[in-house]
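So the structure is just underneath, and the comments pick up after that.
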Amino acid sequence: MSNAAPARRRSLRERIGFRERIRDRDTAVYGILILLALMFPLVSYNITEGTAWISHATRAGYWVLLAIGLNVVVGFAGLLDLGYAAFFAIGAYTYALLASPQLASSPANHAVHISFWILIFVSLMMAALFGAILGFPTLRLRGDYLAIVTLGFGEIVPQLFYNFDQWTGGINAVGLIDQPLLPAWVQGPWSGDPEFKIVSPFNFNTDPVAYYVLVCFLVAIAVVLVTNLYNSRLGRAWMAIREDEVAAAAMGINTVTTKLLAFGIGASFSGFAGAYYAADVALVSPDNFLFIVSITVLVMVVLGGMGNVSGVIIGALVMYYLIFILIPGLPEIVTGFASNVGLGSLNQSTGDWPGLGEETQRLNFIIYGGILVAVMLLRPQGLLPSRVREQELKHAAVQEEEAAIEMSHA
Amino acid sequence: MSLPDYGFYILCGTAVILLAAQAVTHPTQFFQVFIFGLTQGAIYALVALGYTMVYGIIELINFAHGDVFTLGAYIGTTLLGFFAITEGTFTAINLIALIIVFPVVMLIMGGINITIERVAYRPLRNAPRLAPLITAIGMSFFLEGVMFLWRGPATVHFPDILPTQSWYVAGVFFGVRDIFVVVVGAVLVSLLAVFINQTKLGKAMRATAQDRDAAQLMGIDINRTIAATFFIGALLAGAGGIIWGLYYNTIYYQLGFRSGLIAFTAAVFGGIGNIPGAAIGGLVIGLTAAFSDSYIGSKWTQVVIFGILIGVLVFRPTGLLGMRVPEK
C-alpha cells in the first residue's frame with residue numbers, strides 16, 4: 001500500500017496539470033485566431049491593395065460555421081451525417097426566397113422582403129425543423145444507416161430545388177437577394193474612404209469588410225454556444241452516447257432525444273450559415289449544395305480533429321486555403337517556378353504536352369485526392385484532436401493499470 | 001412482424017399494383033420500359049455487389065467503388081482499340097476481342113482495387129471509423145483525376161461491337177445487346193454465389209464478415225480475405241463497366257459518382273452485406289429508375305430512388321433480404 005499512495009497522488013497532479021494544458025492550448029489557438037481576425041482586414045488591404053483577400057476570408061467564414069455545426073453532430077455525438085449540405089441549402093433558400101424579388105414571379109405572385117436579422121433566425125429554425133423531421137424516424141436506427149439516410153436526403157434536397165422551378169427558379173437560381181441593412185456603420189481607410197466617418201443607414205454591399213466583421217461575429221457566437229453546449233449536461237450525454245450507446249442508455253440517458261438534439265442543433269448551424277451565405281453571394285443555385293459540399297465539410301471536421309472546436313476551425317481554414325486558394329493557384333505557382341529555375345520551355349504547349357500550367361490544372365483532382373489520403377494516413381485523428389477524448393481513453397488505461405498494481409499488492 | 005414492416009409491405013404493394021395497372025392498360029410501353037429497366041438493373045447489380053461485400057466485411061462505404069467501375073470502362077475502351085474491331089456489325093474479331101478484353105479488364109481492376117485497399121484502407125483498419133471513409137473519398141477523387149488526365153473532361157466513345165440484331169415481339173422492341181447484358185450479369189452473379197457458398201475462401205469471407213476476431217482465432221488470414229473481397233468486388237465492377245460501355249457506347253469520367261450512389265442504394269435496398277439482396281436490389285432499382293423515367297419524368301428519378309432509400313431504411317432498416325443484426 002505504501003507504494004500505491006504516492007503513485008495515486010502523482011496521477012492526480014498530472015491530471016490537474018493536464019486540465020491546465022488543455023485550457024492553455026485552446027486559449028492559445030483562440031488567442032491567435034482573434035488576433036489574426038483583428039489584424040486581417042488592415043494587413044490584407046495594405047498588401048493586396050484590394051478586397052480579394054477579404055472576400056476569401058468572408059467565404060472561409062461560412063465554411064467555418066458549417067464545420068462547427070457538423071462537429072456537433074459528428075464530433076460530439078458521433079453521428080455520421082453525409083447530407084449536411086441539404087440543411088445549408090434549406091437555410092440559404094429560406095433567406096433567398098423571403099428576401100428577393102423571386103416570389104413575385106412564382107405562383108404566390110408577390111415578392112417578400114424581410115430583414116436579414118429576422119430571417120437568419122427563421123433560416124436557423126427551418127433547418128433545425130427539417131433536421132428534426134429527418135432525424136426523428138431515423139435516429140433510432142444503427143449509426144451507419146443514419147449516414148445512408150442523410151446521404152439520400154442530401155441528394156434529394158438540391159434536386160427538389162431544381163424541380164420546383166416555379167418557386168425557386170430551378171436551374172436559373174435565385175438572384176438579386178437583399179443585402180443586410182444596419183442603421184449605422186463606421187467606414188475608414190479600409191473601404192477606400194480617406195477618413196473615418198459614420199454611414200447611416202448602411203447597406204452591406206457597399207463595404208466588403210462589413211461581411212467580414214459579420215461573419216467573425218457569427219463564428220464567435222457559434223464558438224461560445226458550442227463550447228457551452230459541450231460543457232453542459234447535454235454535451236456530456238453526447239459524449240457518453242458517442243463512446244458507448246448501450247451503456248449511455250443504461251445510465252438513464254434518453255438516447256433518441258439526445259441524438260435528435262445533436263442532429264437538430266447541428267442542422268440549425270447549417271441553416272444559420274446558409275442565410276449568411278445567401279446574403280453574401282446574393283445568388284443561390286441548387287448546384288451550390290451538392291454532395292461535394294457535405295463531403296468537404298466532413299473532411300474539414302475530420303481533418304481538424306473531431307470533437308475539438310478549435311481544431312475544427314483550423315481544419316476548416318486549412319481546407320479552405322487548400323481547395324479554394326492553393327489548388328486553383330497552383331498552375332501559376334508552378335509556371336512561375338519553372339521559368340525562374342530556367343525550365344521556362346516547359347510552359348509552352350508543344351504537341352501532346354499542354355504546357356506545365358495546363359497540366360497542373362488537370363492534376364487538380366489527383367492532388368486533392370492524394371492530399372486527403374495522405375493526411376488521413378499520417379494523422380487519422382486529425383490535426384488538433386480533442387484532448388479530453390484522448391485523455392479519457394488514456395486515463396481509462398492508466399486506471400486499469402493502477403487497479404492491477406493494487407490487486408497484486410493486496 | 002412489426003408495424004414498420006407493414007408500412008414497408010403497403011408501400012411495395014401499392015407500387016406493384018400501380019405498375020400492374022399500367023401493364024394491363026398499356027402493355028407495350030410497360031414491357032418496353034421493363035426491358036430497359038432490366039438491363040440497367042443488371043449493371044447496377046454488378047456494382048452493388050462490390051459495395052455490399054466491402055460493407056459486409058469491413059463496414060466501409062467504399063466511395064471509390066463507383067470510380068473503379070468507370071475506370072473499368074475506360075480501360076476496356078482502350079484495350080478494344082488495340083483490336084481490328086468493326087463497329088456496327090458483329091465479326092469474329094469482335095468476338096475474340098470481347099473474350100480477351102473481359103477477363104483482362106476484370107483482372108486489372110481487381111489488381112487496382114487490391115492496391116487501393118492496401119494503400120488507403122488497410123493502414124487505417126484500427127483508426128477512428130471516419131478516417132477510412134475520408135480516404136475512400138480521396139481515392140474516388142484520385143481515380144476521377146486519373147481518368148480526367150488520361151482522356152480529358154469530355155465524354156469518351158466506347159466501341160459499338162455487339163451484334164445489332166433486334167426483334168419486335170408484340171410491339172416490344174429488344175435487341176441482342178439487351179439479352180447480352182442480362183445474361184452476362186446473371187452468369188457473373190451466379191458464379192459469385194457459387195464462389196461465396198462453395199469455396200473455402202468464400203467461407204472465410206463469410207466468417208470474417210460475421211466476426212473478424214473469431215475468424216482470426218480460427219486461423220483465417222484476415223488481410224488476405226479482405227483483399228480477396230476487394231478483388232472480387234472489382235472484378236464485377238470492371239465487368240459492369242465494360243457492359244455499360246457496350247450498351248450505352250458513351251462513358252464519362254464522373255459516371256461512377258452518380259451510378260455508384262445508385263448502386264449503393266441498391267445494396268441498401270437488398271439489405272447491406274447481403275449478396276443475393278444486392279443482386280435483387282440492383283434489379284429493383286434499375287426497374288424503378290426506368291419506370292420513374294417514363295411514368296413520372298426523368299427529373300424526378302433521383303428523388304424517387306433516394307426517397308426509396310430513406311423509406312426502406314425507416315420502415316425496414318435491414319432491407320429486403322437482410323437479417324436483423326445487433327449493433328456491434
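Ordered as shown in the C-alpha cells, chains take letters A, B, and onward, while each chain numbers its residues from 1 and ligands are numbered from 1 in the order shown.
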
Counting only C-alpha atoms, chain A residues within 8 Å of chain B, as a PyMOL selection string: chain A and resi 137-138+141-142+145+149+152-153+155-156+159-160+163+299+302+362-373+376-377+380-381

Pull N, CA and C atoms from the residues just selected and write them as a PDB file, in the first residue's frame.
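This went into result-v6.pdb:
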```
ATOM      1  N   PRO A 137     -37.536   9.816 -37.379  1.00  0.00           N
ATOM      2  CA  PRO A 137     -37.726   8.385 -37.669  1.00  0.00           C
ATOM      3  C   PRO A 137     -36.422   7.609 -37.815  1.00  0.00           C
ATOM      4  N   THR A 138     -35.306   8.296 -38.072  1.00  0.00           N
ATOM      5  CA  THR A 138     -34.097   7.563 -38.456  1.00  0.00           C
ATOM      6  C   THR A 138     -33.087   7.413 -37.330  1.00  0.00           C
ATOM      7  N   LEU A 141     -32.216   4.173 -35.636  1.00  0.00           N
ATOM      8  CA  LEU A 141     -31.532   3.133 -36.403  1.00  0.00           C
ATOM      9  C   LEU A 141     -30.072   3.032 -35.997  1.00  0.00           C
ATOM     10  N   ARG A 142     -29.399   2.020 -36.537  1.00  0.00           N
ATOM     11  CA  ARG A 142     -27.953   1.885 -36.311  1.00  0.00           C
ATOM     12  C   ARG A 142     -27.220   3.061 -36.929  1.00  0.00           C
ATOM     13  N   TYR A 145     -26.742   3.387 -40.760  1.00  0.00           N
ATOM     14  CA  TYR A 145     -27.927   3.666 -41.544  1.00  0.00           C
ATOM     15  C   TYR A 145     -28.234   5.139 -41.539  1.00  0.00           C
ATOM     16  N   VAL A 149     -29.108   7.426 -44.736  1.00  0.00           N
ATOM     17  CA  VAL A 149     -30.320   8.235 -44.857  1.00  0.00           C
ATOM     18  C   VAL A 149     -29.955   9.687 -45.146  1.00  0.00           C
ATOM     19  N   GLY A 152     -28.952  10.126 -48.702  1.00  0.00           N
ATOM     20  CA  GLY A 152     -30.108  10.200 -49.595  1.00  0.00           C
ATOM     21  C   GLY A 152     -30.791  11.553 -49.508  1.00  0.00           C
ATOM     22  N   PHE A 153     -30.971  12.048 -48.292  1.00  0.00           N
ATOM     23  CA  PHE A 153     -31.610  13.344 -48.087  1.00  0.00           C
ATOM     24  C   PHE A 153     -30.806  14.450 -48.781  1.00  0.00           C
ATOM     25  N   GLU A 155     -29.032  14.168 -51.361  1.00  0.00           N
ATOM     26  CA  GLU A 155     -29.197  14.091 -52.809  1.00  0.00           C
ATOM     27  C   GLU A 155     -30.566  14.610 -53.232  1.00  0.00           C
ATOM     28  N   ILE A 156     -31.566  14.381 -52.379  1.00  0.00           N
ATOM     29  CA  ILE A 156     -32.928  14.756 -52.759  1.00  0.00           C
ATOM     30  C   ILE A 156     -33.119  16.272 -52.724  1.00  0.00           C
ATOM     31  N   GLN A 159     -32.139  18.425 -55.661  1.00  0.00           N
ATOM     32  CA  GLN A 159     -32.964  18.039 -56.804  1.00  0.00           C
ATOM     33  C   GLN A 159     -34.367  18.633 -56.688  1.00  0.00           C
ATOM     34  N   LEU A 160     -34.894  18.699 -55.469  1.00  0.00           N
ATOM     35  CA  LEU A 160     -36.215  19.307 -55.280  1.00  0.00           C
ATOM     36  C   LEU A 160     -36.161  20.794 -55.614  1.00  0.00           C
ATOM     37  N   ASN A 163     -36.391  20.950 -59.227  1.00  0.00           N
ATOM     38  CA  ASN A 163     -37.650  20.532 -59.836  1.00  0.00           C
ATOM     39  C   ASN A 163     -38.786  21.509 -59.591  1.00  0.00           C
ATOM     40  N   VAL A 299     -14.730  16.548 -44.364  1.00  0.00           N
ATOM     41  CA  VAL A 299     -13.271  16.479 -44.399  1.00  0.00           C
ATOM     42  C   VAL A 299     -12.684  17.541 -43.464  1.00  0.00           C
ATOM     43  N   VAL A 302     -13.073  16.209 -39.870  1.00  0.00           N
ATOM     44  CA  VAL A 302     -12.202  15.075 -39.551  1.00  0.00           C
ATOM     45  C   VAL A 302     -10.739  15.508 -39.572  1.00  0.00           C
ATOM     46  N   ARG A 362      -4.894  20.157 -64.785  1.00  0.00           N
ATOM     47  CA  ARG A 362      -5.546  18.861 -64.995  1.00  0.00           C
ATOM     48  C   ARG A 362      -5.287  17.903 -63.842  1.00  0.00           C
ATOM     49  N   LEU A 363      -4.202  18.164 -63.100  1.00  0.00           N
ATOM     50  CA  LEU A 363      -3.857  17.273 -61.989  1.00  0.00           C
ATOM     51  C   LEU A 363      -4.649  17.597 -60.724  1.00  0.00           C
ATOM     52  N   ASN A 364      -5.493  18.661 -60.751  1.00  0.00           N
ATOM     53  CA  ASN A 364      -6.186  19.111 -59.539  1.00  0.00           C
ATOM     54  C   ASN A 364      -6.847  17.997 -58.747  1.00  0.00           C
ATOM     55  N   PHE A 365      -7.641  17.173 -59.453  1.00  0.00           N
ATOM     56  CA  PHE A 365      -8.367  16.092 -58.783  1.00  0.00           C
ATOM     57  C   PHE A 365      -7.393  15.159 -58.071  1.00  0.00           C
ATOM     58  N   ILE A 366      -6.315  14.828 -58.809  1.00  0.00           N
ATOM     59  CA  ILE A 366      -5.360  13.865 -58.258  1.00  0.00           C
ATOM     60  C   ILE A 366      -4.696  14.456 -57.028  1.00  0.00           C
ATOM     61  N   ILE A 367      -4.349  15.750 -57.120  1.00  0.00           N
ATOM     62  CA  ILE A 367      -3.675  16.383 -55.982  1.00  0.00           C
ATOM     63  C   ILE A 367      -4.605  16.399 -54.778  1.00  0.00           C
ATOM     64  N   TYR A 368      -5.864  16.801 -55.008  1.00  0.00           N
ATOM     65  CA  TYR A 368      -6.808  16.884 -53.887  1.00  0.00           C
ATOM     66  C   TYR A 368      -7.022  15.509 -53.266  1.00  0.00           C
ATOM     67  N   GLY A 369      -7.296  14.520 -54.127  1.00  0.00           N
ATOM     68  CA  GLY A 369      -7.493  13.168 -53.612  1.00  0.00           C
ATOM     69  C   GLY A 369      -6.272  12.663 -52.871  1.00  0.00           C
ATOM     70  N   GLY A 370      -5.091  12.919 -53.449  1.00  0.00           N
ATOM     71  CA  GLY A 370      -3.856  12.473 -52.820  1.00  0.00           C
ATOM     72  C   GLY A 370      -3.659  13.109 -51.455  1.00  0.00           C
ATOM     73  N   ILE A 371      -4.005  14.413 -51.352  1.00  0.00           N
ATOM     74  CA  ILE A 371      -3.841  15.089 -50.062  1.00  0.00           C
ATOM     75  C   ILE A 371      -4.767  14.456 -49.022  1.00  0.00           C
ATOM     76  N   LEU A 372      -6.015  14.188 -49.417  1.00  0.00           N
ATOM     77  CA  LEU A 372      -6.956  13.585 -48.458  1.00  0.00           C
ATOM     78  C   LEU A 372      -6.414  12.252 -47.938  1.00  0.00           C
ATOM     79  N   VAL A 373      -5.948  11.419 -48.866  1.00  0.00           N
ATOM     80  CA  VAL A 373      -5.449  10.103 -48.444  1.00  0.00           C
ATOM     81  C   VAL A 373      -4.219  10.272 -47.557  1.00  0.00           C
ATOM     82  N   MET A 376      -4.966  11.599 -44.006  1.00  0.00           N
ATOM     83  CA  MET A 376      -5.620  10.621 -43.146  1.00  0.00           C
ATOM     84  C   MET A 376      -4.658   9.502 -42.743  1.00  0.00           C
ATOM     85  N   LEU A 377      -3.746   9.143 -43.661  1.00  0.00           N
ATOM     86  CA  LEU A 377      -2.795   8.082 -43.307  1.00  0.00           C
ATOM     87  C   LEU A 377      -1.822   8.583 -42.249  1.00  0.00           C
ATOM     88  N   PRO A 380      -4.637  10.092 -38.683  1.00  0.00           N
ATOM     89  CA  PRO A 380      -6.050   9.690 -38.726  1.00  0.00           C
ATOM     90  C   PRO A 380      -6.880  10.373 -37.648  1.00  0.00           C
ATOM     91  N   GLN A 381      -6.242  10.881 -36.603  1.00  0.00           N
ATOM     92  CA  GLN A 381      -7.030  11.529 -35.533  1.00  0.00           C
ATOM     93  C   GLN A 381      -7.227  13.007 -35.792  1.00  0.00           C
TER      94      GLN A 381
END
```

Can you pull out every residue from range 74-181 of chain B that DSSP, working from the backbone, puts in strand (DSSP E or B), and format the result as a VMD selection string? chain B and resid 156 to 157 166 to 169 172 to 175

I'd like to know which residues of range 156-398 of chain A are alpha helix (DSSP H) (by DSSP, run on the backbone); could you write them as an MDAnalysis selection string? chainID A and resid 156:163 165:168 208:231 233:243 245:250 255:281 291:304 309:320 327:340 356:362 364:378 387:398

Fewer than 6 positions away in the same chain doesn't count, so skip those; otherwise give me all residues within 12 Å of Ala154 in chain B, counting only C-alpha atoms, as number ranges by chain. B: 147-148, 250-255

Residues from last step as file, N, CA and C atoms, as a PDB file, in the first residue's frame:
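The resulting selection_24.pdb:
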```pdb
ATOM      1  N   MET B 147      -8.665   9.494 -64.647  1.00  0.00           N
ATOM      2  CA  MET B 147      -9.432   9.369 -65.898  1.00  0.00           C
ATOM      3  C   MET B 147      -9.509  10.714 -66.618  1.00  0.00           C
ATOM      4  N   PHE B 148      -9.640  11.785 -65.838  1.00  0.00           N
ATOM      5  CA  PHE B 148      -9.698  13.135 -66.407  1.00  0.00           C
ATOM      6  C   PHE B 148      -8.395  13.448 -67.136  1.00  0.00           C
ATOM      7  N   THR B 250     -21.177   5.317 -74.545  1.00  0.00           N
ATOM      8  CA  THR B 250     -20.636   6.606 -74.110  1.00  0.00           C
ATOM      9  C   THR B 250     -20.243   6.491 -72.646  1.00  0.00           C
ATOM     10  N   ILE B 251     -19.034   6.935 -72.320  1.00  0.00           N
ATOM     11  CA  ILE B 251     -18.636   6.937 -70.915  1.00  0.00           C
ATOM     12  C   ILE B 251     -18.075   8.302 -70.572  1.00  0.00           C
ATOM     13  N   TYR B 252     -17.958   8.571 -69.289  1.00  0.00           N
ATOM     14  CA  TYR B 252     -17.694   9.911 -68.804  1.00  0.00           C
ATOM     15  C   TYR B 252     -16.955   9.755 -67.493  1.00  0.00           C
ATOM     16  N   TYR B 253     -15.979  10.615 -67.224  1.00  0.00           N
ATOM     17  CA  TYR B 253     -15.119  10.318 -66.069  1.00  0.00           C
ATOM     18  C   TYR B 253     -15.837  10.432 -64.740  1.00  0.00           C
ATOM     19  N   GLN B 254     -16.960  11.178 -64.679  1.00  0.00           N
ATOM     20  CA  GLN B 254     -17.684  11.263 -63.408  1.00  0.00           C
ATOM     21  C   GLN B 254     -18.897  10.343 -63.366  1.00  0.00           C
ATOM     22  N   LEU B 255     -18.955   9.439 -64.341  1.00  0.00           N
ATOM     23  CA  LEU B 255     -20.064   8.495 -64.411  1.00  0.00           C
ATOM     24  C   LEU B 255     -20.225   7.707 -63.114  1.00  0.00           C
TER      25      LEU B 255
END
```

Pick from B:Leu71, B:Ile57, B:Pro159, B:Ala266, whichever lies nearest to Ala84 in chain B using only C-alpha atoms: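 Smallest distance to Ala84 in chain B is found for B:Pro159.
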